[in-house]
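Source file: data26.txt (compact mmCIF, C-alpha atoms and all ligand atoms)
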# COMPACT_ATOMS: atom_id res chain seq x y z
CA MET A 1 77.39 107.33 109.95
CA VAL A 2 78.66 107.27 113.52
CA ALA A 3 78.35 103.48 113.88
CA GLU A 4 80.35 102.91 110.69
CA VAL A 5 83.07 105.33 111.84
CA VAL A 6 83.41 103.47 115.16
CA ALA A 7 83.39 100.09 113.39
CA GLY A 8 86.09 101.34 111.02
CA LEU A 9 88.38 102.77 113.71
CA GLN A 10 87.74 100.22 116.46
CA PRO A 11 88.87 102.70 119.13
CA ARG A 12 90.59 101.24 122.18
CA ALA A 13 91.56 102.48 125.61
CA GLY A 14 94.89 104.29 125.44
CA GLY A 15 94.63 104.78 121.65
CA ARG A 16 95.25 108.15 120.00
CA TYR A 17 92.80 109.32 117.33
CA VAL A 18 92.45 112.39 115.13
CA ASP A 19 89.05 113.81 114.25
CA CYS A 20 90.12 115.95 111.29
CA THR A 21 86.75 117.73 111.04
CA VAL A 22 85.46 117.72 114.60
CA GLY A 23 82.39 119.91 113.88
CA GLY A 24 79.96 119.62 116.79
CA GLY A 25 81.98 116.75 118.27
CA GLY A 26 79.68 113.82 117.41
CA HIS A 27 82.36 111.51 116.03
CA ALA A 28 84.92 112.55 118.66
CA GLU A 29 82.41 111.71 121.38
CA ALA A 30 81.64 108.32 119.80
CA ILE A 31 85.38 107.50 119.67
CA LEU A 32 85.82 108.45 123.32
CA ARG A 33 82.73 106.47 124.37
CA ALA A 34 83.79 103.40 122.43
CA SER A 35 87.10 103.44 124.29
CA ASP A 36 85.34 103.82 127.68
CA GLY A 37 86.61 107.39 127.84
CA ALA A 38 90.19 106.20 127.83
CA ALA A 39 91.40 107.24 124.35
CA TRP A 40 93.00 110.58 123.41
CA VAL A 41 91.48 112.61 120.63
CA LEU A 42 92.86 115.53 118.65
CA GLY A 43 89.89 117.37 117.13
CA CYS A 44 90.48 120.08 114.60
CA ASP A 45 88.22 122.26 112.51
CA ARG A 46 88.59 125.37 110.38
CA ASP A 47 85.55 126.88 112.05
CA PRO A 48 85.92 128.53 115.49
CA GLU A 49 82.17 128.09 116.07
CA ALA A 50 82.54 124.32 115.56
CA LEU A 51 85.31 124.20 118.14
CA GLN A 52 83.13 126.03 120.67
CA ALA A 53 80.31 123.53 120.12
CA ALA A 54 82.72 120.59 120.35
CA ALA A 55 84.29 121.96 123.55
CA ALA A 56 80.85 122.19 125.18
CA ARG A 57 79.78 118.72 124.07
CA LEU A 58 83.04 117.08 125.07
CA ALA A 59 83.56 118.92 128.37
CA ARG A 60 83.26 115.72 130.37
CA TYR A 61 86.28 114.31 128.50
CA ALA A 62 88.54 117.25 129.45
CA GLY A 63 92.17 116.10 129.51
CA ARG A 64 91.45 113.49 126.83
CA ILE A 65 90.56 115.87 124.04
CA GLU A 66 92.73 118.51 122.41
CA LEU A 67 90.94 120.99 120.12
CA ARG A 68 92.79 122.96 117.44
CA LEU A 69 91.65 125.61 115.01
CA GLY A 70 92.82 125.09 111.45
CA ALA A 71 92.57 122.96 108.33
CA PHE A 72 93.61 119.37 108.97
CA GLU A 73 96.54 119.63 106.60
CA ARG A 74 98.18 121.17 109.72
CA VAL A 75 97.87 118.06 111.94
CA GLY A 76 101.62 117.49 111.74
CA GLU A 77 102.10 120.72 113.74
CA TRP A 78 100.10 119.27 116.62
CA TRP A 79 100.88 115.55 116.81
CA ALA A 80 104.04 113.67 115.87
CA ALA A 81 104.40 111.47 112.78
CA GLY A 82 103.58 107.82 113.48
CA SER A 83 101.94 108.63 116.83
CA CYS A 84 98.35 107.95 115.97
CA ASP A 85 96.02 104.88 115.94
CA GLY A 86 93.31 106.18 113.63
CA ALA A 87 91.72 109.22 112.04
CA VAL A 88 88.38 110.27 110.62
CA ALA A 89 87.61 113.05 108.13
CA ASP A 90 83.90 113.86 107.71
CA LEU A 91 84.17 116.40 104.93
CA GLY A 92 82.19 119.35 103.69
CA VAL A 93 79.83 121.69 105.43
CA SER A 94 78.17 121.20 108.83
CA SER A 95 74.47 121.53 109.68
CA HIS A 96 75.40 124.40 111.98
CA GLN A 97 77.07 126.25 109.11
CA LEU A 98 74.11 125.63 106.79
CA ASP A 99 71.58 126.66 109.43
CA THR A 100 73.30 129.93 110.40
CA PRO A 101 72.16 132.63 107.93
CA ARG A 102 75.01 135.05 108.71
CA ARG A 103 77.51 132.44 107.46
CA GLY A 104 75.97 132.70 103.98
CA PHE A 105 76.05 128.97 103.09
CA SER A 106 72.35 128.43 102.48
CA PHE A 107 70.13 129.56 99.63
CA GLN A 108 67.11 128.87 101.84
CA ARG A 109 67.91 131.65 104.31
CA ASP A 110 68.91 135.19 103.54
CA GLY A 111 72.35 136.32 104.63
CA PRO A 112 75.57 137.88 103.39
CA LEU A 113 77.15 135.89 100.55
CA SER A 114 80.16 134.75 102.57
CA MET A 115 80.62 130.92 102.81
CA ARG A 116 83.95 131.16 104.62
CA MET A 117 84.38 128.11 106.85
CA GLY A 118 86.88 129.90 109.01
CA PRO A 119 88.90 133.04 109.40
CA GLY A 120 90.79 133.72 106.20
CA ALA A 121 91.89 136.52 103.98
CA GLY A 122 91.01 134.93 100.63
CA PRO A 123 88.02 135.95 98.49
CA ASP A 124 84.57 135.09 99.81
CA ALA A 125 81.58 134.02 97.69
CA ALA A 126 80.49 137.61 97.00
CA ASP A 127 84.01 138.44 95.78
CA LEU A 128 83.88 135.49 93.34
CA VAL A 129 80.33 136.19 92.14
CA ASN A 130 81.02 139.88 91.56
CA GLY A 131 84.65 139.67 90.48
CA LEU A 132 85.34 136.54 88.38
CA PRO A 133 85.05 136.85 84.59
CA VAL A 134 81.82 135.23 83.35
CA ASP A 135 83.62 132.35 81.58
CA GLN A 136 85.56 131.51 84.77
CA LEU A 137 82.34 131.56 86.79
CA ALA A 138 80.76 129.15 84.31
CA LYS A 139 83.81 126.87 84.54
CA LEU A 140 83.63 126.92 88.34
CA PHE A 141 79.90 126.01 88.32
CA GLU A 142 80.58 123.22 85.81
CA GLU A 143 83.65 121.73 87.48
CA LEU A 144 82.79 122.00 91.18
CA GLY A 145 78.98 122.08 90.91
CA GLU A 146 78.47 119.78 87.91
CA GLU A 147 75.82 122.36 86.98
CA ARG A 148 74.23 121.72 83.57
CA HIS A 149 73.06 125.31 83.20
CA ALA A 150 76.43 126.77 84.23
CA ARG A 151 76.86 129.06 81.22
CA ARG A 152 73.37 130.46 81.36
CA ILE A 153 73.62 131.15 85.11
CA ALA A 154 77.04 132.79 84.75
CA ARG A 155 75.73 134.99 81.91
CA VAL A 156 72.73 136.15 83.96
CA ILE A 157 75.00 136.87 86.95
CA GLY A 158 77.19 138.96 84.63
CA GLN A 159 74.16 140.97 83.49
CA GLU A 160 72.83 141.47 87.01
CA ARG A 161 76.10 142.56 88.58
CA ALA A 162 76.57 145.18 85.86
CA ARG A 163 73.41 146.75 87.36
CA THR A 164 74.04 146.13 91.05
CA ALA A 165 76.43 144.09 93.18
CA ILE A 166 75.18 140.66 94.30
CA ARG A 167 75.72 140.61 98.04
CA SER A 168 73.12 138.31 99.60
CA THR A 169 72.30 134.61 99.37
CA ARG A 170 68.63 135.36 98.59
CA GLN A 171 69.60 137.73 95.77
CA LEU A 172 71.75 135.05 94.14
CA ALA A 173 69.24 132.24 94.74
CA THR A 174 66.37 134.28 93.24
CA LEU A 175 68.46 135.09 90.18
CA ILE A 176 69.20 131.39 89.63
CA GLU A 177 65.57 130.39 90.23
CA ARG A 178 64.58 132.83 87.48
CA CYS A 179 67.02 131.59 84.87
CA VAL A 180 66.93 127.79 85.36
CA PRO A 181 63.80 126.26 83.82
CA ARG A 182 61.37 125.02 86.49
CA GLY A 183 61.32 121.27 86.88
CA ALA A 184 64.63 121.01 85.01
CA VAL A 185 66.39 119.69 88.11
CA ALA A 186 65.25 117.55 91.04
CA VAL A 187 67.02 119.63 93.69
CA HIS A 188 66.63 123.38 94.29
CA PRO A 189 68.10 125.11 91.22
CA ALA A 190 70.67 127.00 93.33
CA THR A 191 72.05 123.86 95.06
CA ARG A 192 74.95 123.19 92.71
CA VAL A 193 76.03 126.80 92.31
CA PHE A 194 76.12 127.29 96.08
CA GLN A 195 78.11 124.07 96.47
CA ALA A 196 80.61 125.16 93.81
CA LEU A 197 81.11 128.59 95.39
CA ARG A 198 81.58 127.08 98.86
CA MET A 199 84.15 124.59 97.59
CA ALA A 200 86.07 127.33 95.77
CA VAL A 201 86.00 129.82 98.67
CA ASN A 202 87.44 127.19 101.02
CA ASP A 203 89.72 125.45 98.47
CA GLU A 204 88.11 122.23 99.66
CA LEU A 205 89.74 119.87 97.15
CA GLY A 206 93.22 121.35 97.56
CA THR A 207 93.05 121.26 101.33
CA LEU A 208 91.71 117.68 101.18
CA GLU A 209 94.67 116.50 99.07
CA ARG A 210 97.19 118.13 101.38
CA GLY A 211 95.23 117.01 104.45
CA LEU A 212 95.20 113.32 103.47
CA ARG A 213 98.96 113.32 103.03
CA ALA A 214 99.47 115.10 106.36
CA VAL A 215 97.19 112.80 108.34
CA TRP A 216 98.64 109.68 106.70
CA ARG A 217 102.08 110.60 108.04
CA LEU A 218 100.61 110.74 111.55
CA LEU A 219 99.26 107.17 111.41
CA ARG A 220 101.28 104.26 112.65
CA PRO A 221 101.25 100.98 110.65
CA GLY A 222 97.97 99.15 111.35
CA ALA A 223 96.09 102.42 111.96
CA ARG A 224 93.00 103.27 109.93
CA LEU A 225 91.71 106.34 108.14
CA VAL A 226 87.96 106.77 107.65
CA CYS A 227 86.82 109.34 105.06
CA ILE A 228 83.25 110.48 104.50
CA THR A 229 82.76 112.41 101.26
CA PHE A 230 79.68 114.20 99.92
CA HIS A 231 80.82 115.23 96.44
CA SER A 232 82.22 113.30 93.48
CA GLY A 233 85.33 115.53 93.43
CA GLU A 234 86.09 114.71 97.06
CA ALA A 235 85.47 111.00 96.45
CA ARG A 236 87.89 111.12 93.48
CA VAL A 237 90.64 112.71 95.60
CA VAL A 238 90.21 110.05 98.32
CA LYS A 239 90.14 107.15 95.83
CA GLN A 240 93.22 108.38 93.94
CA PHE A 241 95.09 108.88 97.20
CA GLY A 242 94.26 105.33 98.34
CA GLN A 243 94.90 103.70 94.96
CA ALA A 244 98.39 105.21 94.66
CA LEU A 245 99.35 103.78 98.05
CA ALA A 246 97.59 100.42 97.56
CA ARG A 247 99.58 99.60 94.41
CA ALA A 248 102.39 97.08 94.61
CA TYR A 249 104.60 99.25 92.44
CA ASP A 250 105.95 102.74 92.15
CA THR A 251 105.57 105.11 89.22
CA PRO A 252 108.87 107.02 89.30
CA SER A 253 107.86 109.67 86.77
CA GLY A 254 104.40 110.18 88.29
CA VAL A 255 102.83 108.78 85.10
CA ASP A 256 101.81 105.12 85.20
CA VAL A 257 103.80 103.60 82.31
CA PRO A 258 103.83 99.77 82.75
CA GLU A 259 107.44 99.41 81.52
CA LEU A 260 108.68 101.93 84.09
CA ARG A 261 106.89 100.45 87.12
CA ARG A 262 109.15 99.65 90.08
CA PRO A 263 107.85 96.85 92.33
CA ARG A 264 107.45 97.71 96.01
CA PRO A 265 105.12 96.49 98.77
CA PRO A 266 101.71 98.17 99.03
CA ARG A 267 101.52 100.83 101.75
CA LEU A 268 97.74 100.67 102.18
CA ARG A 269 94.90 98.16 102.32
CA TRP A 270 91.31 99.09 101.52
CA VAL A 271 89.15 97.87 104.43
CA THR A 272 85.95 98.73 102.54
CA ARG A 273 86.07 97.35 99.00
CA ARG A 274 83.17 99.57 98.00
CA ALA A 275 82.11 102.84 99.59
CA LEU A 276 79.44 102.48 102.29
CA SER A 277 76.30 104.63 102.18
CA PRO A 278 74.07 105.59 105.10
CA GLY A 279 71.15 103.30 105.90
CA GLU A 280 67.57 104.25 104.98
CA ALA A 281 66.70 105.50 108.47
CA GLU A 282 69.68 107.89 108.49
CA GLN A 283 68.86 109.11 104.99
CA ARG A 284 65.27 109.81 106.06
CA ALA A 285 66.35 111.65 109.22
CA ASN A 286 69.06 113.64 107.44
CA PRO A 287 68.48 114.22 103.71
CA ARG A 288 72.01 115.65 103.36
CA ALA A 289 73.38 112.22 104.31
CA ARG A 290 72.02 110.77 101.05
CA SER A 291 75.15 111.60 99.10
CA ALA A 292 77.55 110.43 101.83
CA GLN A 293 80.14 107.78 100.94
CA LEU A 294 82.34 106.24 103.62
CA ARG A 295 85.68 104.62 102.83
CA VAL A 296 88.12 102.97 105.24
CA MET A 297 91.83 102.52 104.56
CA GLU A 298 94.46 100.82 106.70
CA LYS A 299 98.09 101.82 106.73
CA LEU A 300 100.32 98.80 106.14
CA MET A 301 103.68 100.51 106.31
CA ASP A 302 105.31 103.90 106.16
CA SER A 303 106.52 105.18 102.81
CA PRO A 304 110.29 105.67 102.68
CA ALA A 305 111.32 109.31 102.30
CA ASP A 306 112.36 108.75 98.67
CA ASP A 307 108.73 107.90 97.73
CA GLU A 308 107.91 111.52 98.24
CA SER A 309 110.55 112.71 95.83
CA ASN A 310 109.26 110.23 93.20
CA HIS A 311 106.21 112.21 92.29
CA GLY A 312 105.31 114.30 95.27
CA LYS A 313 102.00 112.49 95.77
CA GLU A 314 102.79 109.88 98.37
CA PRO A 315 103.20 110.83 101.99
C1 LIG B 1 80.20 117.42 108.26
S1 LIG B 1 80.87 118.51 109.45
C2 LIG B 1 81.59 117.44 110.63
C3 LIG B 1 80.62 116.98 111.67
C4 LIG B 1 81.28 116.16 112.77
N1 LIG B 1 81.78 114.89 112.27
C5 LIG B 1 80.35 115.92 113.94
O1 LIG B 1 80.25 114.77 114.37
O2 LIG B 1 79.75 116.87 114.44
C6 LIG B 1 82.24 119.11 108.62
C7 LIG B 1 83.13 120.04 109.43
O3 LIG B 1 84.41 120.00 108.81
C8 LIG B 1 84.99 121.26 108.83
N2 LIG B 1 85.98 121.21 107.74
C9 LIG B 1 85.75 121.05 106.42
N3 LIG B 1 86.92 120.97 105.76
C10 LIG B 1 87.91 121.04 106.69
C11 LIG B 1 89.33 120.97 106.64
N4 LIG B 1 89.98 120.80 105.49
N5 LIG B 1 90.01 121.04 107.79
C12 LIG B 1 89.38 121.20 109.00
N6 LIG B 1 88.03 121.29 109.09
C13 LIG B 1 87.30 121.20 107.96
C14 LIG B 1 83.84 122.21 108.64
O4 LIG B 1 84.14 123.49 109.17
C15 LIG B 1 82.72 121.51 109.43
O5 LIG B 1 82.66 121.97 110.75
As structure tokens, how would this structure be written, given the file I've shared?
Amino acid sequence: MVAEVVAGLQPRAGGRYVDCTVGGGGHAEAILRASDGAAWVLGCDRDPEALQAAAARLARYAGRIELRLGAFERVGEWWAAGSCDGAVADLGVSSHQLDTPRRGFSFQRDGPLSMRMGPGAGPDAADLVNGLPVDQLAKLFEELGEERHARRIARVIGQERARTAIRSTRQLATLIERCVPRGAVAVHPATRVFQALRMAVNDELGTLERGLRAVWRLLRPGARLVCITFHSGEARVVKQFGQALARAYDTPSGVDVPELRRPRPPRLRWVTRRALSPGEAEQRANPRARSAQLRVMEKLMDSPADDESNHGKEP
């Protein structure tokens, strides 16, 4: 959805933009091109391999692009609050990550069951699959994967790992194929479980919540934030973030009780009333794009410091 990102941000010469999930550098390049190579871009990613690819692709813009390794909740360490004219976050997993078997993201290729987006000490997918109690595994598959057969899959995993550890993507995918009835789901039966594990390993919803707040602080009034989500949980986080800031009142206790509302000007305007989806051609060329939803928000004004103490949600 490169065209929609550029239309949302309207990059200009001299402007400063953050690509929160720079990946292979496609959006960063489009921002630089649209500004005739005269914008500045901070590109960050949790994945060192993504940064290498972005550095190669963007070499001709050296001096205009700053690449940083880390989750985008850290943007405040790299650029100052209020210094930025726009930002884009294109969430989730990259094609490179999915297509690299040793990263362990794909059930279609055999590899170690890792799914770490970047360097990190937390548990990987094999640790979760072999270590979480069966009821917690089922909950994870239900909540992050919206998997209808979550309990059955978790039970079969429990039985299998009592025999032998589950260490490879193929091993896990085959197990799921065997226990989910054929034809019961339109997608590959392992799709939702793999998605749930990946989101848990990388704390994708937690880092998104913290990241939105961090990047919002960087934007100056009038600047825009474009978010592309691929999962209903991500979309919910983005919508709730925007709705809290778009309201013309405050909820001092954090719970929206009409009698306790305190009027205040909205901090945010939705530029897209409804989420945009990719066009048919893009969906045909890239089946993963089918679930993409793009939302654009514009910052109207900064939130005073006391907003943050109200309920800890606003930037
Ligand atoms: C869909 S790809 C982005 C593709 C990119 N827009 C391009 O044009 O090539 C998503 C990227 O976001 C990264 N990522 C996901 N969550 C992140 C986060 N919270 N902070 C930083 N990078 C993240 C992933 O490592 C992956 O490289």
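CA of Pro252 (chain A) is positioned 27.8 Å from CA of Phe72 (chain A).
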Output as a tab-separated table one row per residue of chain A within 8 Å of ligand LIG 1 (chain B): the closest atom pair and its distance in Å to one decimal place, counting all atoms listed in the file, sorted by chain and residue number ascending.
residue	atom	partner	partner_atom	distance
A:Val2	CA	B:LIG1	O1	7.7
A:Asp19	CA	B:LIG1	N1	7.6
A:Cys20	CA	B:LIG1	C12	5.8
A:Thr21	CA	B:LIG1	O3	3.9
A:Val22	CA	B:LIG1	C4	4.8
A:Gly23	CA	B:LIG1	O5	3.8
A:Gly24	CA	B:LIG1	O2	3.6
A:Gly25	CA	B:LIG1	O2	4.4
A:Gly26	CA	B:LIG1	O1	3.2
A:His27	CA	B:LIG1	O1	4.2
A:Ala28	CA	B:LIG1	O1	6.7
A:Glu29	CA	B:LIG1	O1	7.9
A:Cys44	CA	B:LIG1	C12	5.8
A:Asp45	CA	B:LIG1	N6	3.6
A:Arg46	CA	B:LIG1	N6	4.3
A:Asp47	CA	B:LIG1	O4	4.7
A:Ala50	CA	B:LIG1	O5	5.4
A:Ala54	CA	B:LIG1	O2	7.6
A:Leu69	CA	B:LIG1	C12	7.8
A:Gly70	CA	B:LIG1	C12	5.7
A:Ala71	CA	B:LIG1	N5	3.2
A:Phe72	CA	B:LIG1	N5	4.1
A:Glu73	CA	B:LIG1	N4	6.8
A:Ala89	CA	B:LIG1	N1	7.4
A:Asp90	CA	B:LIG1	N1	5.1
A:Leu91	CA	B:LIG1	C6	5.0
A:Gly92	CA	B:LIG1	C9	4.8
A:Val93	CA	B:LIG1	C6	4.8
A:Ser94	CA	B:LIG1	S1	3.9
A:Ser95	CA	B:LIG1	S1	7.1
A:His96	CA	B:LIG1	O5	7.8
A:Gln97	CA	B:LIG1	O5	7.2
A:Met117	CA	B:LIG1	O4	5.2
A:Gly118	CA	B:LIG1	O4	7.0
A:Asn202	CA	B:LIG1	N3	7.8
A:Glu204	CA	B:LIG1	N4	6.3
A:Thr207	CA	B:LIG1	N4	5.2
A:Leu208	CA	B:LIG1	N4	5.6
A:Gly211	CA	B:LIG1	N4	6.6
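Interatomic distance, CA of Leu197 (chain A) against CA of Glu160 (chain A): 17.5 Å.
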Would you kindly return, as a PDB file with C-alpha atoms, in the frame of the given file, each protein, DNA or RNA residue with an atom no farther than 12 Å from any atom of Leu260 (chain A), considering all atoms listed in the file and excluding same-chain residues fewer than 4 positions away?
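So the final result, stored in selection_23.pdb, reads:
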ATOM      1  CA  TYR A 249     104.600  99.250  92.440  1.00  0.00           C
ATOM      2  CA  ASP A 250     105.950 102.740  92.150  1.00  0.00           C
ATOM      3  CA  THR A 251     105.570 105.110  89.220  1.00  0.00           C
ATOM      4  CA  PRO A 252     108.870 107.020  89.300  1.00  0.00           C
ATOM      5  CA  SER A 253     107.860 109.670  86.770  1.00  0.00           C
ATOM      6  CA  GLY A 254     104.400 110.180  88.290  1.00  0.00           C
ATOM      7  CA  VAL A 255     102.830 108.780  85.100  1.00  0.00           C
ATOM      8  CA  ASP A 256     101.810 105.120  85.200  1.00  0.00           C
TER       9      ASP A 256
END
Neighbours of Val271 (chain A) within 8 Å (only C-alpha atoms; same-chain residues fewer than 2 positions away dropped), as a list of chain:residue names?
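Close residues of Val271 (chain A): A:Arg269, A:Arg273, A:Arg295, A:Val296, A:Met297, A:Glu298.
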Every residue with an atom at most 12 Å from (84.6, 122.9, 87.3) (file coordinates; only C-alpha atoms) is what I'm after, so could you write them as a PyMOL selection string?
chain A and resi 135-148+150-151+192-193+195-197+199-200+205+232-233
Print the selection's residues with C-alpha atoms to a file, as a compact mmCIF listing (two decimals), in the coordinates of the input.
# COMPACT_ATOMS: atom_id res chain seq x y z
CA ASP A 135 83.62 132.35 81.58
CA GLN A 136 85.56 131.51 84.77
CA LEU A 137 82.34 131.56 86.79
CA ALA A 138 80.76 129.15 84.31
CA LYS A 139 83.81 126.87 84.54
CA LEU A 140 83.63 126.92 88.34
CA PHE A 141 79.90 126.01 88.32
CA GLU A 142 80.58 123.22 85.81
CA GLU A 143 83.65 121.73 87.48
CA LEU A 144 82.79 122.00 91.18
CA GLY A 145 78.98 122.08 90.91
CA GLU A 146 78.47 119.78 87.91
CA GLU A 147 75.82 122.36 86.98
CA ARG A 148 74.23 121.72 83.57
CA ALA A 150 76.43 126.77 84.23
CA ARG A 151 76.86 129.06 81.22
CA ARG A 192 74.95 123.19 92.71
CA VAL A 193 76.03 126.80 92.31
CA GLN A 195 78.11 124.07 96.47
CA ALA A 196 80.61 125.16 93.81
CA LEU A 197 81.11 128.59 95.39
CA MET A 199 84.15 124.59 97.59
CA ALA A 200 86.07 127.33 95.77
CA LEU A 205 89.74 119.87 97.15
CA SER A 232 82.22 113.30 93.48
CA GLY A 233 85.33 115.53 93.43
CA of Ile166 (chain A) and CA of Leu113 (chain A) are how many Å apart?
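One can read the CA of Ile166 (chain A) to CA of Leu113 (chain A) distance as 8.1 Å.
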With only C-alpha atoms counted, which protein, DNA or RNA residues have an atom no more than 10 Å from (85.4, 103.7, 116.7) in the file frame? Please answer as a PyMOL selection string.
chain A and resi 2-12+17+27-35+86-88+226
Set the distance at 9 Å and use only C-alpha atoms: which residues neighbour Ala165 (chain A) once local chain neighbours fewer than 4 positions away are removed? I'd like the list as JSON, numbers by chain.
{"A": [126, 129, 130, 160, 161]}
Selected residue, from A:Val238, A:Phe107, A:Ile228, A:Gly158, that lies nearest to Thr174 (chain A) when counting only C-alpha atoms
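When distances to Thr174 (chain A) are compared using only C-alpha atoms, the smallest one comes from A:Phe107.
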Using all atoms listed in the file for the distances, tell me which of A:Thr191, A:Thr272, A:Gln52, A:Ser168 is nearest to Leu294 (chain A).
A:Thr272
Draw an axis-aligned box over all listed atoms of region 149-156 of chain A, pad each side with 3 Å, and write its centre and edge lengths in Å, one decimal, as AutoDock Vina command-line options.
--center_x 74.9 --center_y 130.7 --center_z 83.2 --size_x 10.3 --size_y 16.8 --size_z 9.9
For Leu175 (chain A), please output as a CSV table (one decimal) with C-alpha atoms, in the coordinates of the input all residues within 9 Å (counting all atoms listed in the file; exclusion window: fewer than 6 positions along the same chain).
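around.csv written:
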chain,number,residue,atom,x,y,z
A,153,ILE,CA,73.6,131.2,85.1
A,156,VAL,CA,72.7,136.2,84.0
A,157,ILE,CA,75.0,136.9,87.0
A,160,GLU,CA,72.8,141.5,87.0
A,190,ALA,CA,70.7,127.0,93.3
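For the set A:Pro119, A:Val187, A:Arg74, A:Trp79, the residue with the smallest atom-to-atom gap to Pro48 (chain A) is A:Pro119, counting only C-alpha atoms.
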Closest to Ala38 (chain A) among A:Ala62, A:Ala13, A:Leu51, A:Met115, using all atoms listed in the file?
A:Ala13
Could region 77-90 of chain A be completed with N, CA, C and O atoms and returned as a PDB file, in the frame of the given file?
ATOM      1  N   GLU A  77     101.614 119.700 112.785  1.00  0.00           N
ATOM      2  CA  GLU A  77     102.100 120.720 113.740  1.00  0.00           C
ATOM      3  C   GLU A  77     101.689 120.362 115.158  1.00  0.00           C
ATOM      4  O   GLU A  77     102.236 120.904 116.115  1.00  0.00           O
ATOM      5  N   TRP A  78     100.677 119.508 115.290  1.00  0.00           N
ATOM      6  CA  TRP A  78     100.100 119.270 116.620  1.00  0.00           C
ATOM      7  C   TRP A  78     100.455 117.899 117.186  1.00  0.00           C
ATOM      8  O   TRP A  78     100.644 117.753 118.378  1.00  0.00           O
ATOM      9  N   TRP A  79     100.489 116.878 116.343  1.00  0.00           N
ATOM     10  CA  TRP A  79     100.880 115.550 116.810  1.00  0.00           C
ATOM     11  C   TRP A  79     102.027 115.030 115.949  1.00  0.00           C
ATOM     12  O   TRP A  79     102.139 115.389 114.769  1.00  0.00           O
ATOM     13  N   ALA A  80     102.822 114.142 116.564  1.00  0.00           N
ATOM     14  CA  ALA A  80     104.040 113.670 115.870  1.00  0.00           C
ATOM     15  C   ALA A  80     103.713 112.594 114.834  1.00  0.00           C
ATOM     16  O   ALA A  80     102.734 111.838 114.989  1.00  0.00           O
ATOM     17  N   ALA A  81     104.554 112.513 113.813  1.00  0.00           N
ATOM     18  CA  ALA A  81     104.400 111.470 112.780  1.00  0.00           C
ATOM     19  C   ALA A  81     104.449 110.100 113.450  1.00  0.00           C
ATOM     20  O   ALA A  81     105.216 109.874 114.382  1.00  0.00           O
ATOM     21  N   GLY A  82     103.583 109.189 112.985  1.00  0.00           N
ATOM     22  CA  GLY A  82     103.580 107.820 113.480  1.00  0.00           C
ATOM     23  C   GLY A  82     103.047 107.658 114.890  1.00  0.00           C
ATOM     24  O   GLY A  82     103.223 106.609 115.518  1.00  0.00           O
ATOM     25  N   SER A  83     102.342 108.685 115.416  1.00  0.00           N
ATOM     26  CA  SER A  83     101.940 108.630 116.830  1.00  0.00           C
ATOM     27  C   SER A  83     100.454 108.286 117.009  1.00  0.00           C
ATOM     28  O   SER A  83      99.945 108.329 118.113  1.00  0.00           O
ATOM     29  N   CYS A  84      99.799 107.914 115.934  1.00  0.00           N
ATOM     30  CA  CYS A  84      98.350 107.950 115.970  1.00  0.00           C
ATOM     31  C   CYS A  84      97.729 106.621 115.523  1.00  0.00           C
ATOM     32  O   CYS A  84      98.232 105.980 114.596  1.00  0.00           O
ATOM     33  N   ASP A  85      96.624 106.198 116.184  1.00  0.00           N
ATOM     34  CA  ASP A  85      96.020 104.880 115.940  1.00  0.00           C
ATOM     35  C   ASP A  85      94.830 104.916 114.995  1.00  0.00           C
ATOM     36  O   ASP A  85      94.241 103.872 114.714  1.00  0.00           O
ATOM     37  N   GLY A  86      94.441 106.108 114.563  1.00  0.00           N
ATOM     38  CA  GLY A  86      93.310 106.180 113.630  1.00  0.00           C
ATOM     39  C   GLY A  86      92.879 107.619 113.432  1.00  0.00           C
ATOM     40  O   GLY A  86      93.181 108.491 114.249  1.00  0.00           O
ATOM     41  N   ALA A  87      92.182 107.849 112.320  1.00  0.00           N
ATOM     42  CA  ALA A  87      91.720 109.220 112.040  1.00  0.00           C
ATOM     43  C   ALA A  87      90.437 109.139 111.226  1.00  0.00           C
ATOM     44  O   ALA A  87      90.209 108.176 110.485  1.00  0.00           O
ATOM     45  N   VAL A  88      89.605 110.177 111.411  1.00  0.00           N
ATOM     46  CA  VAL A  88      88.380 110.270 110.620  1.00  0.00           C
ATOM     47  C   VAL A  88      88.297 111.672 110.028  1.00  0.00           C
ATOM     48  O   VAL A  88      88.653 112.648 110.692  1.00  0.00           O
ATOM     49  N   ALA A  89      87.857 111.751 108.778  1.00  0.00           N
ATOM     50  CA  ALA A  89      87.610 113.050 108.130  1.00  0.00           C
ATOM     51  C   ALA A  89      86.192 112.994 107.552  1.00  0.00           C
ATOM     52  O   ALA A  89      85.912 112.191 106.657  1.00  0.00           O
ATOM     53  N   ASP A  90      85.316 113.804 108.116  1.00  0.00           N
ATOM     54  CA  ASP A  90      83.900 113.860 107.710  1.00  0.00           C
ATOM     55  C   ASP A  90      83.755 115.207 106.995  1.00  0.00           C
ATOM     56  O   ASP A  90      83.590 116.238 107.638  1.00  0.00           O
TER      57      ASP A  90
END
